[in-house]
$ cat entry_4.pdb   # PDB, C-alpha atoms
ATOM      1  CA  MET A1493       6.821  -6.504  55.832  1.00  0.00           C
ATOM      2  CA  GLN A1494       7.396  -6.955  52.049  1.00  0.00           C
ATOM      3  CA  PRO A1495       8.483 -10.518  51.074  1.00  0.00           C
ATOM      4  CA  ARG A1496      12.048 -10.693  49.870  1.00  0.00           C
ATOM      5  CA  ASN A1497      11.052 -12.153  46.480  1.00  0.00           C
ATOM      6  CA  ALA A1498       8.147  -9.741  45.738  1.00  0.00           C
ATOM      7  CA  TYR A1499      10.060  -7.301  43.570  1.00  0.00           C
ATOM      8  CA  PRO A1500      11.952  -9.955  41.541  1.00  0.00           C
ATOM      9  CA  GLN A1501       8.637 -11.722  40.895  1.00  0.00           C
ATOM     10  CA  ALA A1502       7.080  -8.462  39.691  1.00  0.00           C
ATOM     11  CA  GLY A1503      10.063  -7.954  37.401  1.00  0.00           C
ATOM     12  CA  ILE A1504       9.624 -11.431  35.919  1.00  0.00           C
ATOM     13  CA  THR A1505       5.908 -10.778  35.332  1.00  0.00           C
ATOM     14  CA  ASP A1506       6.694  -7.510  33.543  1.00  0.00           C
ATOM     15  CA  ARG A1507       9.254  -9.215  31.330  1.00  0.00           C
ATOM     16  CA  VAL A1508       6.804 -11.983  30.436  1.00  0.00           C
ATOM     17  CA  ALA A1509       4.120  -9.398  29.608  1.00  0.00           C
ATOM     18  CA  THR A1510       6.582  -7.432  27.476  1.00  0.00           C
ATOM     19  CA  ALA A1511       7.720 -10.545  25.641  1.00  0.00           C
ATOM     20  CA  SER A1512       4.093 -11.517  24.996  1.00  0.00           C
ATOM     21  CA  TYR A1513       3.313  -8.038  23.646  1.00  0.00           C
ATOM     22  CA  ASP A1514       6.410  -8.040  21.419  1.00  0.00           C
ATOM     23  CA  GLU A1515       5.483 -11.447  19.993  1.00  0.00           C
ATOM     24  CA  GLY A1516       1.914 -10.322  19.347  1.00  0.00           C
ATOM     25  CA  LEU A1517       3.109  -7.141  17.652  1.00  0.00           C
ATOM     26  CA  ARG A1518       5.524  -9.144  15.512  1.00  0.00           C
ATOM     27  CA  ARG A1519       2.699 -11.436  14.343  1.00  0.00           C
ATOM     28  CA  HIS A1520       0.474  -8.411  13.696  1.00  0.00           C
ATOM     29  CA  MET A1521       3.052  -6.656  11.504  1.00  0.00           C
ATOM     30  CA  LEU A1522       4.117  -9.839   9.686  1.00  0.00           C
ATOM     31  CA  GLY A1523       0.466 -10.519   8.915  1.00  0.00           C
ATOM     32  CA  ILE A1524       0.179  -7.056   7.367  1.00  0.00           C
ATOM     33  CA  TYR A1525       3.242  -7.560   5.181  1.00  0.00           C
ATOM     34  CA  ARG A1526       2.130 -11.075   4.170  1.00  0.00           C
ATOM     35  CA  ASN A1527      -1.265  -9.808   3.024  1.00  0.00           C
ATOM     36  CA  MET A1528       0.373  -6.917   1.222  1.00  0.00           C
ATOM     37  CA  ALA A1529       2.874  -9.195  -0.539  1.00  0.00           C
ATOM     38  CA  ALA A1530       0.112 -11.605  -1.559  1.00  0.00           C
ATOM     39  CA  GLY A1531      -1.881  -8.681  -2.938  1.00  0.00           C
ATOM     40  CA  LEU A1532       1.113  -7.542  -4.991  1.00  0.00           C
ATOM     41  CA  LEU A1533       1.513 -11.058  -6.407  1.00  0.00           C
ATOM     42  CA  VAL A1534      -2.163 -11.113  -7.421  1.00  0.00           C
ATOM     43  CA  THR A1535      -1.827  -7.693  -9.058  1.00  0.00           C
ATOM     44  CA  GLY A1536       1.339  -8.629 -10.915  1.00  0.00           C
ATOM     45  CA  ALA A1537      -0.069 -11.955 -12.124  1.00  0.00           C
ATOM     46  CA  VAL A1538      -3.310 -10.382 -13.388  1.00  0.00           C
ATOM     47  CA  ALA A1539      -1.511  -7.468 -15.060  1.00  0.00           C
ATOM     48  CA  PHE A1540       1.048  -9.682 -16.786  1.00  0.00           C
ATOM     49  CA  GLY A1541      -1.559 -12.248 -17.786  1.00  0.00           C
ATOM     50  CA  ILE A1542      -3.792  -9.653 -19.429  1.00  0.00           C
ATOM     51  CA  ALA A1543      -0.887  -7.841 -21.113  1.00  0.00           C
ATOM     52  CA  SER A1544       0.345 -11.160 -22.540  1.00  0.00           C
ATOM     53  CA  THR A1545      -3.040 -12.057 -24.037  1.00  0.00           C
ATOM     54  CA  PRO A1546      -4.209  -9.910 -26.978  1.00  0.00           C
ATOM     55  CA  ALA A1547      -7.676 -11.456 -26.767  1.00  0.00           C
ATOM     56  CA  LEU A1548      -7.971  -9.896 -23.295  1.00  0.00           C
ATOM     57  CA  TYR A1549      -6.233  -6.532 -23.573  1.00  0.00           C
ATOM     58  CA  GLU A1550      -7.466  -5.453 -27.006  1.00  0.00           C
ATOM     59  CA  PRO A1551     -11.189  -5.368 -26.050  1.00  0.00           C
ATOM     60  CA  ILE A1552     -10.254  -3.379 -22.943  1.00  0.00           C
ATOM     61  CA  PHE A1553      -7.526  -0.903 -23.865  1.00  0.00           C
ATOM     62  CA  ASN A1554      -8.584  -0.307 -27.468  1.00  0.00           C
ATOM     63  CA  THR A1555     -12.154   0.583 -26.490  1.00  0.00           C
ATOM     64  CA  PRO A1556     -13.904   2.911 -24.003  1.00  0.00           C
ATOM     65  CA  LEU A1557     -13.637   0.071 -21.477  1.00  0.00           C
ATOM     66  CA  LYS A1558     -10.158   1.435 -20.722  1.00  0.00           C
ATOM     67  CA  TRP A1559     -11.839   4.168 -18.641  1.00  0.00           C
ATOM     68  CA  VAL A1560     -13.591   1.526 -16.566  1.00  0.00           C
ATOM     69  CA  ALA A1561     -10.270  -0.258 -16.033  1.00  0.00           C
ATOM     70  CA  MET A1562      -8.615   3.032 -15.111  1.00  0.00           C
ATOM     71  CA  PHE A1563     -11.152   4.236 -12.537  1.00  0.00           C
ATOM     72  CA  ALA A1564     -12.407   0.905 -11.148  1.00  0.00           C
ATOM     73  CA  PRO A1565      -9.644   0.647  -8.482  1.00  0.00           C
ATOM     74  CA  LEU A1566     -10.483   4.109  -7.105  1.00  0.00           C
ATOM     75  CA  GLY A1567     -14.164   3.250  -6.761  1.00  0.00           C
ATOM     76  CA  PHE A1568     -13.333  -0.157  -5.316  1.00  0.00           C
ATOM     77  CA  VAL A1569     -11.031   1.188  -2.616  1.00  0.00           C
ATOM     78  CA  LEU A1570     -13.547   3.860  -1.568  1.00  0.00           C
ATOM     79  CA  LEU A1571     -16.289   1.228  -1.274  1.00  0.00           C
ATOM     80  CA  PHE A1572     -13.954  -1.063   0.660  1.00  0.00           C
ATOM     81  CA  SER A1573     -12.937   1.702   3.088  1.00  0.00           C
ATOM     82  CA  PHE A1574     -16.541   2.623   3.906  1.00  0.00           C
ATOM     83  CA  SER A1575     -17.748  -0.991   4.183  1.00  0.00           C
ATOM     84  CA  ILE A1576     -14.993  -2.667   6.185  1.00  0.00           C
ATOM     85  CA  GLU A1577     -16.628  -2.014   9.576  1.00  0.00           C
ATOM     86  CA  ARG A1578     -19.567  -4.206   8.526  1.00  0.00           C
ATOM     87  CA  MET A1579     -17.348  -6.988   7.153  1.00  0.00           C
ATOM     88  CA  SER A1580     -15.977 -10.034   8.872  1.00  0.00           C
ATOM     89  CA  VAL A1581     -12.203 -10.504   8.845  1.00  0.00           C
ATOM     90  CA  ALA A1582     -12.505 -13.185   6.141  1.00  0.00           C
ATOM     91  CA  SER A1583     -14.721 -10.950   3.982  1.00  0.00           C
ATOM     92  CA  ALA A1584     -12.340  -8.013   4.381  1.00  0.00           C
ATOM     93  CA  ARG A1585      -9.394 -10.163   3.322  1.00  0.00           C
ATOM     94  CA  THR A1586     -11.324 -11.475   0.313  1.00  0.00           C
ATOM     95  CA  ALA A1587     -12.281  -7.919  -0.667  1.00  0.00           C
ATOM     96  CA  PHE A1588      -8.638  -6.863  -0.433  1.00  0.00           C
ATOM     97  CA  PHE A1589      -7.517  -9.603  -2.808  1.00  0.00           C
ATOM     98  CA  ALA A1590     -10.408  -8.798  -5.159  1.00  0.00           C
ATOM     99  CA  PHE A1591      -9.206  -5.197  -5.190  1.00  0.00           C
ATOM    100  CA  ALA A1592      -5.674  -6.385  -5.943  1.00  0.00           C
ATOM    101  CA  GLY A1593      -7.054  -8.250  -8.958  1.00  0.00           C
ATOM    102  CA  VAL A1594      -8.932  -5.153 -10.174  1.00  0.00           C
ATOM    103  CA  MET A1595      -5.726  -3.156  -9.732  1.00  0.00           C
ATOM    104  CA  GLY A1596      -3.936  -5.714 -11.890  1.00  0.00           C
ATOM    105  CA  LEU A1597      -6.475  -5.123 -14.650  1.00  0.00           C
ATOM    106  CA  SER A1598      -5.790  -1.396 -14.455  1.00  0.00           C
ATOM    107  CA  MET A1599      -2.005  -1.842 -14.419  1.00  0.00           C
ATOM    108  CA  ALA A1600      -1.859  -4.219 -17.385  1.00  0.00           C
ATOM    109  CA  SER A1601      -1.257  -1.200 -19.629  1.00  0.00           C
ATOM    110  CA  ILE A1602       2.136  -0.723 -17.956  1.00  0.00           C
ATOM    111  CA  PHE A1603       3.369  -4.001 -19.429  1.00  0.00           C
ATOM    112  CA  LEU A1604       2.159  -2.832 -22.823  1.00  0.00           C
ATOM    113  CA  ALA A1605       3.838   0.583 -22.623  1.00  0.00           C
ATOM    114  CA  PHE A1606       7.196  -0.093 -20.906  1.00  0.00           C
ATOM    115  CA  THR A1607       9.999  -2.589 -21.385  1.00  0.00           C
ATOM    116  CA  GLY A1608      10.198  -5.502 -18.966  1.00  0.00           C
ATOM    117  CA  GLN A1609      13.687  -4.511 -17.825  1.00  0.00           C
ATOM    118  CA  SER A1610      12.700  -0.947 -16.942  1.00  0.00           C
ATOM    119  CA  ILE A1611       9.625  -2.239 -15.085  1.00  0.00           C
ATOM    120  CA  ALA A1612      11.806  -4.591 -13.016  1.00  0.00           C
ATOM    121  CA  VAL A1613      14.391  -1.889 -12.257  1.00  0.00           C
ATOM    122  CA  THR A1614      11.734   0.648 -11.311  1.00  0.00           C
ATOM    123  CA  PHE A1615       9.948  -1.813  -9.047  1.00  0.00           C
ATOM    124  CA  PHE A1616      13.245  -2.632  -7.300  1.00  0.00           C
ATOM    125  CA  ILE A1617      13.869   1.092  -6.680  1.00  0.00           C
ATOM    126  CA  ALA A1618      10.311   1.602  -5.418  1.00  0.00           C
ATOM    127  CA  ALA A1619      10.528  -1.464  -3.151  1.00  0.00           C
ATOM    128  CA  THR A1620      13.845  -0.285  -1.701  1.00  0.00           C
ATOM    129  CA  MET A1621      12.417   3.157  -0.933  1.00  0.00           C
ATOM    130  CA  PHE A1622       9.304   1.573   0.545  1.00  0.00           C
ATOM    131  CA  LEU A1623      11.205  -0.831   2.815  1.00  0.00           C
ATOM    132  CA  THR A1624      13.532   1.931   4.012  1.00  0.00           C
ATOM    133  CA  MET A1625      10.674   4.259   4.946  1.00  0.00           C
ATOM    134  CA  SER A1626       8.575   1.475   6.465  1.00  0.00           C
ATOM    135  CA  LEU A1627      11.485   0.374   8.655  1.00  0.00           C
ATOM    136  CA  TRP A1628      12.050   3.960   9.732  1.00  0.00           C
ATOM    137  CA  GLY A1629       8.357   4.419  10.510  1.00  0.00           C
ATOM    138  CA  TYR A1630       8.400   1.263  12.639  1.00  0.00           C
ATOM    139  CA  THR A1631      11.523   2.134  14.631  1.00  0.00           C
ATOM    140  CA  THR A1632      11.419   5.912  15.001  1.00  0.00           C
ATOM    141  CA  GLY A1633      10.378   7.429  18.297  1.00  0.00           C
ATOM    142  CA  ARG A1634       9.028  10.505  16.520  1.00  0.00           C
ATOM    143  CA  ASP A1635       5.252  10.931  16.409  1.00  0.00           C
ATOM    144  CA  LEU A1636       4.479  10.890  12.692  1.00  0.00           C
ATOM    145  CA  SER A1637       0.800  11.743  13.219  1.00  0.00           C
ATOM    146  CA  THR A1638       1.937  15.369  13.089  1.00  0.00           C
ATOM    147  CA  TRP A1639       2.526  14.764   9.364  1.00  0.00           C
ATOM    148  CA  SER A1640      -1.052  13.656   8.774  1.00  0.00           C
ATOM    149  CA  THR A1641      -2.528  16.983   7.619  1.00  0.00           C
ATOM    150  CA  PHE A1642       0.313  17.632   5.177  1.00  0.00           C
ATOM    151  CA  LEU A1643       0.223  14.087   3.794  1.00  0.00           C
ATOM    152  CA  VAL A1644      -3.565  13.941   3.366  1.00  0.00           C
ATOM    153  CA  MET A1645      -3.677  17.342   1.674  1.00  0.00           C
ATOM    154  CA  GLY A1646      -0.735  16.350  -0.505  1.00  0.00           C
ATOM    155  CA  LEU A1647      -2.475  13.100  -1.463  1.00  0.00           C
ATOM    156  CA  ILE A1648      -5.674  14.919  -2.415  1.00  0.00           C
ATOM    157  CA  GLY A1649      -3.644  17.384  -4.490  1.00  0.00           C
ATOM    158  CA  VAL A1650      -1.780  14.612  -6.319  1.00  0.00           C
ATOM    159  CA  VAL A1651      -5.017  12.711  -7.080  1.00  0.00           C
ATOM    160  CA  ILE A1652      -6.791  15.812  -8.405  1.00  0.00           C
ATOM    161  CA  ALA A1653      -3.798  16.887 -10.486  1.00  0.00           C
ATOM    162  CA  GLY A1654      -3.467  13.357 -11.854  1.00  0.00           C
ATOM    163  CA  LEU A1655      -7.119  13.282 -12.908  1.00  0.00           C
ATOM    164  CA  VAL A1656      -6.765  16.669 -14.602  1.00  0.00           C
ATOM    165  CA  ASN A1657      -3.652  15.521 -16.429  1.00  0.00           C
ATOM    166  CA  ILE A1658      -5.495  12.537 -17.889  1.00  0.00           C
ATOM    167  CA  PHE A1659      -7.296  15.042 -20.103  1.00  0.00           C
ATOM    168  CA  VAL A1660      -4.583  17.728 -20.362  1.00  0.00           C
ATOM    169  CA  ALA A1661      -1.743  15.246 -21.039  1.00  0.00           C
ATOM    170  CA  SER A1662       0.980  17.713 -20.040  1.00  0.00           C
ATOM    171  CA  SER A1663       4.442  16.189 -19.645  1.00  0.00           C
ATOM    172  CA  ALA A1664       5.540  19.117 -17.456  1.00  0.00           C
ATOM    173  CA  LEU A1665       2.558  18.660 -15.136  1.00  0.00           C
ATOM    174  CA  GLN A1666       3.192  14.913 -15.016  1.00  0.00           C
ATOM    175  CA  PHE A1667       6.793  15.568 -13.960  1.00  0.00           C
ATOM    176  CA  ILE A1668       5.620  17.826 -11.116  1.00  0.00           C
ATOM    177  CA  ILE A1669       2.953  15.306 -10.066  1.00  0.00           C
ATOM    178  CA  SER A1670       5.554  12.529 -10.006  1.00  0.00           C
ATOM    179  CA  ILE A1671       7.946  14.460  -7.764  1.00  0.00           C
ATOM    180  CA  ALA A1672       5.168  15.519  -5.376  1.00  0.00           C
ATOM    181  CA  GLY A1673       3.665  12.034  -5.410  1.00  0.00           C
ATOM    182  CA  VAL A1674       6.940  10.332  -4.554  1.00  0.00           C
ATOM    183  CA  LEU A1675       7.346  12.644  -1.545  1.00  0.00           C
ATOM    184  CA  VAL A1676       3.766  12.079  -0.413  1.00  0.00           C
ATOM    185  CA  PHE A1677       3.810   8.282  -0.730  1.00  0.00           C
ATOM    186  CA  THR A1678       7.194   7.854   0.951  1.00  0.00           C
ATOM    187  CA  GLY A1679       5.812   9.895   3.864  1.00  0.00           C
ATOM    188  CA  LEU A1680       2.594   7.862   3.880  1.00  0.00           C
ATOM    189  CA  THR A1681       4.627   4.641   4.015  1.00  0.00           C
ATOM    190  CA  ALA A1682       6.305   5.699   7.260  1.00  0.00           C
ATOM    191  CA  TRP A1683       3.103   7.101   8.760  1.00  0.00           C
ATOM    192  CA  ASP A1684       0.976   4.059   7.888  1.00  0.00           C
ATOM    193  CA  THR A1685       3.612   1.714   9.314  1.00  0.00           C
ATOM    194  CA  GLN A1686       3.679   3.594  12.608  1.00  0.00           C
ATOM    195  CA  ARG A1687      -0.128   3.722  12.658  1.00  0.00           C
ATOM    196  CA  ALA A1688      -0.304  -0.051  12.104  1.00  0.00           C
ATOM    197  CA  LYS A1689       1.999  -0.511  15.082  1.00  0.00           C
ATOM    198  CA  SER A1690      -0.198   1.800  17.194  1.00  0.00           C
ATOM    199  CA  ASP A1691      -3.326  -0.143  16.209  1.00  0.00           C
ATOM    200  CA  TYR A1692      -1.957  -3.237  17.938  1.00  0.00           C
ATOM    201  CA  LEU A1693      -1.084  -1.204  21.038  1.00  0.00           C
ATOM    202  CA  THR A1694      -4.688   0.054  21.157  1.00  0.00           C
ATOM    203  CA  TYR A1695      -6.665  -3.066  20.232  1.00  0.00           C
ATOM    204  CA  GLY A1696      -4.338  -5.997  20.927  1.00  0.00           C
ATOM    205  CA  ALA A1697      -5.210  -9.393  19.466  1.00  0.00           C
ATOM    206  CA  THR A1698      -8.872  -8.619  18.703  1.00  0.00           C
ATOM    207  CA  GLU A1699     -11.072  -8.882  15.601  1.00  0.00           C
ATOM    208  CA  GLN A1700     -10.951  -5.106  15.240  1.00  0.00           C
ATOM    209  CA  ALA A1701      -7.143  -5.241  15.165  1.00  0.00           C
ATOM    210  CA  GLU A1702      -7.297  -7.948  12.469  1.00  0.00           C
ATOM    211  CA  LYS A1703      -9.545  -5.799  10.280  1.00  0.00           C
ATOM    212  CA  LEU A1704      -7.334  -2.770  10.850  1.00  0.00           C
ATOM    213  CA  ALA A1705      -4.368  -4.941   9.837  1.00  0.00           C
ATOM    214  CA  ILE A1706      -6.060  -5.598   6.478  1.00  0.00           C
ATOM    215  CA  MET A1707      -6.666  -1.867   6.045  1.00  0.00           C
ATOM    216  CA  SER A1708      -3.002  -1.268   6.882  1.00  0.00           C
ATOM    217  CA  ALA A1709      -2.005  -3.862   4.273  1.00  0.00           C
ATOM    218  CA  LEU A1710      -4.176  -1.985   1.755  1.00  0.00           C
ATOM    219  CA  SER A1711      -2.655   1.387   2.677  1.00  0.00           C
ATOM    220  CA  LEU A1712       0.915   0.108   2.417  1.00  0.00           C
ATOM    221  CA  TYR A1713       0.096  -1.766  -0.802  1.00  0.00           C
ATOM    222  CA  LEU A1714      -1.236   1.463  -2.337  1.00  0.00           C
ATOM    223  CA  SER A1715       1.848   3.408  -1.241  1.00  0.00           C
ATOM    224  CA  LEU A1716       4.201   0.933  -2.925  1.00  0.00           C
ATOM    225  CA  VAL A1717       2.090   0.603  -6.091  1.00  0.00           C
ATOM    226  CA  ASN A1718       1.792   4.367  -6.459  1.00  0.00           C
ATOM    227  CA  LEU A1719       5.496   4.867  -5.803  1.00  0.00           C
ATOM    228  CA  PHE A1720       6.218   2.359  -8.551  1.00  0.00           C
ATOM    229  CA  GLN A1721       3.872   4.028 -11.024  1.00  0.00           C
ATOM    230  CA  LEU A1722       5.213   7.507 -10.293  1.00  0.00           C
ATOM    231  CA  LEU A1723       8.842   6.404 -10.554  1.00  0.00           C
ATOM    232  CA  LEU A1724       8.141   5.036 -14.032  1.00  0.00           C
ATOM    233  CA  THR A1725       8.104   8.697 -15.093  1.00  0.00           C
ATOM    234  CA  PHE A1726      11.822   8.829 -14.347  1.00  0.00           C
ATOM    235  CA  PHE A1727      13.059   5.278 -14.926  1.00  0.00           C
ATOM    236  CA  GLY A1728      10.538   3.695 -17.289  1.00  0.00           C
ATOM    237  CA  GLN A1729      11.720   3.000 -20.835  1.00  0.00           C
ATOM    238  CA  ARG A1730       8.875   2.829 -23.347  1.00  0.00           C
ATOM    239  CA  GLU A1731       8.498   0.035 -25.834  1.00  0.00           C
ATOM    240  CA  GLU A1732       9.403   0.993 -29.362  1.00  0.00           C
ATOM    241  CA  ALA A1733       6.404   1.280 -31.657  1.00  0.00           C
TER     242      ALA A1733
END

$ encode --input "entry_4.pdb" --output "structure tokens"
Amino acid sequence: MQPRNAYPQAGITDRVATASYDEGLRRHMLGIYRNMAAGLLVTGAVAFGIASTPALYEPIFNTPLKWVAMFAPLGFVLLFSFSIERMSVASARTAFFAFAGVMGLSMASIFLAFTGQSIAVTFFIAATMFLTMSLWGYTTGRDLSTWSTFLVMGLIGVVIAGLVNIFVASSALQFIISIAGVLVFTGLTAWDTQRAKSDYLTYGATEQAEKLAIMSALSLYLSLVNLFQLLLTFFGQREEA
């Protein structure tokens, strides 16, 4: 005969397990956003510091070194993505912040080309779009993995078109790239947020989950940074010569 308190006890156990999972997931996601925010601060500080120091930016952006500054983040992120499995959590976090610094070097030219007010306004718009899509990706019950093929192909297309336009310098092509890029990176924001949530469901509080959290911070960081850069096409006001 089943004890009278068996089912209530099982219910209590389930609630405790659910509460423990929810707390772990909360820490996992907050850790992702903390790393991402710290990376953005590093990028902003490096970019502003270089742009404010002629002795630093002139040897870079007035010489062929500008190509190194432009393409270094792409090479760095590819190396990071392929090497993270062999890294410890501490090494992966250090590599992420090193990448954020390299990205700051690349983005210093933005502070040279656009007014401070338009940069601030554009970043606020990009951050608002990012937070909205990230919140939706976290809360929606829809499986966003069905978007993956479209988003990856769209990302590849935007990157290739952007590289071509470096040499073509077409304002019309840049406008098209910016529209397509904004759509792609807003979608990636939602997808990456949901994927980060799924990573914790799969791996729990393990070292693998911690490394995946750093990769998620990198992915979300890149979505926001690229949204910001693309939106400068529409909202950025250039400095007068």

$ resolve_selection --input "entry_4.pdb" --expression "the PyMOL selection byres ((chain A and resi 1600-1605) around 9)" --output "VMD selection string"
chain A and resid 1536 1538 to 1544 1549 1553 1595 to 1599 1606 to 1608 1611 1721 1729 to 1732

$ atom_distance --input "entry_4.pdb" --atom1 "atom CA of A:Ala1547" --atom2 "atom CA of A:Phe1563"
21.5 Å

$ closest_atom_pairs --input "entry_4.pdb" --of "stretch 1599-1660 of chain A" --to "stretch 1671-1694 of chain A" --cutoff "9 Å" --atoms "all atoms listed in the file" --output "CSV"
residue,atom,partner,partner_atom,distance
A:Met1621,CA,A:Thr1678,CA,7.3
A:Phe1622,CA,A:Thr1681,CA,6.6
A:Leu1623,CA,A:Thr1681,CA,8.6
A:Thr1624,CA,A:Ala1682,CA,8.8
A:Met1625,CA,A:Ala1682,CA,5.1
A:Ser1626,CA,A:Ala1682,CA,4.9
A:Leu1627,CA,A:Ala1682,CA,7.6
A:Trp1628,CA,A:Ala1682,CA,6.5
A:Gly1629,CA,A:Ala1682,CA,4.1
A:Tyr1630,CA,A:Gln1686,CA,5.3
A:Thr1631,CA,A:Gln1686,CA,8.2
A:Thr1632,CA,A:Gln1686,CA,8.4
A:Asp1635,CA,A:Gln1686,CA,8.4
A:Leu1636,CA,A:Trp1683,CA,5.6
A:Ser1637,CA,A:Trp1683,CA,6.8
A:Trp1639,CA,A:Trp1683,CA,7.7
A:Ser1640,CA,A:Trp1683,CA,7.8
A:Phe1642,CA,A:Val1676,CA,8.6
A:Leu1643,CA,A:Val1676,CA,5.9
A:Val1644,CA,A:Val1676,CA,8.5
A:Gly1646,CA,A:Val1676,CA,6.2
A:Leu1647,CA,A:Val1676,CA,6.4
A:Val1650,CA,A:Gly1673,CA,6.1
A:Val1651,CA,A:Gly1673,CA,8.9

$ closest_residue --input "entry_4.pdb" --among "A:Gln1609, A:Ser1580, A:Asn1554, A:Thr1545" --to "A:Phe1727" --atoms "all atoms listed in the file"
A:Gln1609

$ atom_distance --input "entry_4.pdb" --atom1 "atom CA of A:Leu1723" --atom2 "atom CA of A:Pro1556"
26.7 Å

$ atom_distance --input "entry_4.pdb" --atom1 "atom CA of A:Ile1652" --atom2 "atom CA of A:Ser1575"
23.7 Å

$ closest_residue --input "entry_4.pdb" --among "A:Met1562, A:Ala1619, A:Val1656, A:Met1707" --to "A:Ala1587" --atoms "all atoms listed in the file"
A:Met1707

$ residues_around --input "entry_4.pdb" --residues "A:Glu1577" --least-positions-apart "2" --cutoff "12 Å" --atoms "only C-alpha atoms" --output "list in words"
Leu1571, Phe1572, Ser1573, Phe1574, Ser1575, Met1579, Ser1580, Val1581, Ser1583, Ala1584, Glu1699, Gln1700, Ala1701, Glu1702, Lys1703, Leu1704, Ile1706 and Met1707 of chain A

$ resolve_selection --input "entry_4.pdb" --expression "the PyMOL selection byres ((chain A and resi 1528) around 12)" --output "compact mmCIF listing (two decimals) with C-alpha atoms, keeping the file's coordinate frame"
# COMPACT_ATOMS: atom_id res chain seq x y z
CA MET A 1521 3.05 -6.66 11.50
CA LEU A 1522 4.12 -9.84 9.69
CA GLY A 1523 0.47 -10.52 8.91
CA ILE A 1524 0.18 -7.06 7.37
CA TYR A 1525 3.24 -7.56 5.18
CA ARG A 1526 2.13 -11.08 4.17
CA ASN A 1527 -1.26 -9.81 3.02
CA ALA A 1529 2.87 -9.20 -0.54
CA ALA A 1530 0.11 -11.60 -1.56
CA GLY A 1531 -1.88 -8.68 -2.94
CA LEU A 1532 1.11 -7.54 -4.99
CA LEU A 1533 1.51 -11.06 -6.41
CA VAL A 1534 -2.16 -11.11 -7.42
CA THR A 1535 -1.83 -7.69 -9.06
CA ARG A 1585 -9.39 -10.16 3.32
CA PHE A 1588 -8.64 -6.86 -0.43
CA PHE A 1589 -7.52 -9.60 -2.81
CA PHE A 1591 -9.21 -5.20 -5.19
CA ALA A 1592 -5.67 -6.38 -5.94
CA ALA A 1705 -4.37 -4.94 9.84
CA ILE A 1706 -6.06 -5.60 6.48
CA MET A 1707 -6.67 -1.87 6.04
CA SER A 1708 -3.00 -1.27 6.88
CA ALA A 1709 -2.00 -3.86 4.27
CA LEU A 1710 -4.18 -1.98 1.76
CA SER A 1711 -2.66 1.39 2.68
CA LEU A 1712 0.92 0.11 2.42
CA TYR A 1713 0.10 -1.77 -0.80
CA LEU A 1714 -1.24 1.46 -2.34
CA SER A 1715 1.85 3.41 -1.24
CA LEU A 1716 4.20 0.93 -2.92
CA VAL A 1717 2.09 0.60 -6.09

$ closest_residue --input "entry_4.pdb" --among "A:Leu1548, A:Thr1641, A:Val1660, A:Thr1698" --to "A:Gly1516" --atoms "all atoms listed in the file"
A:Thr1698
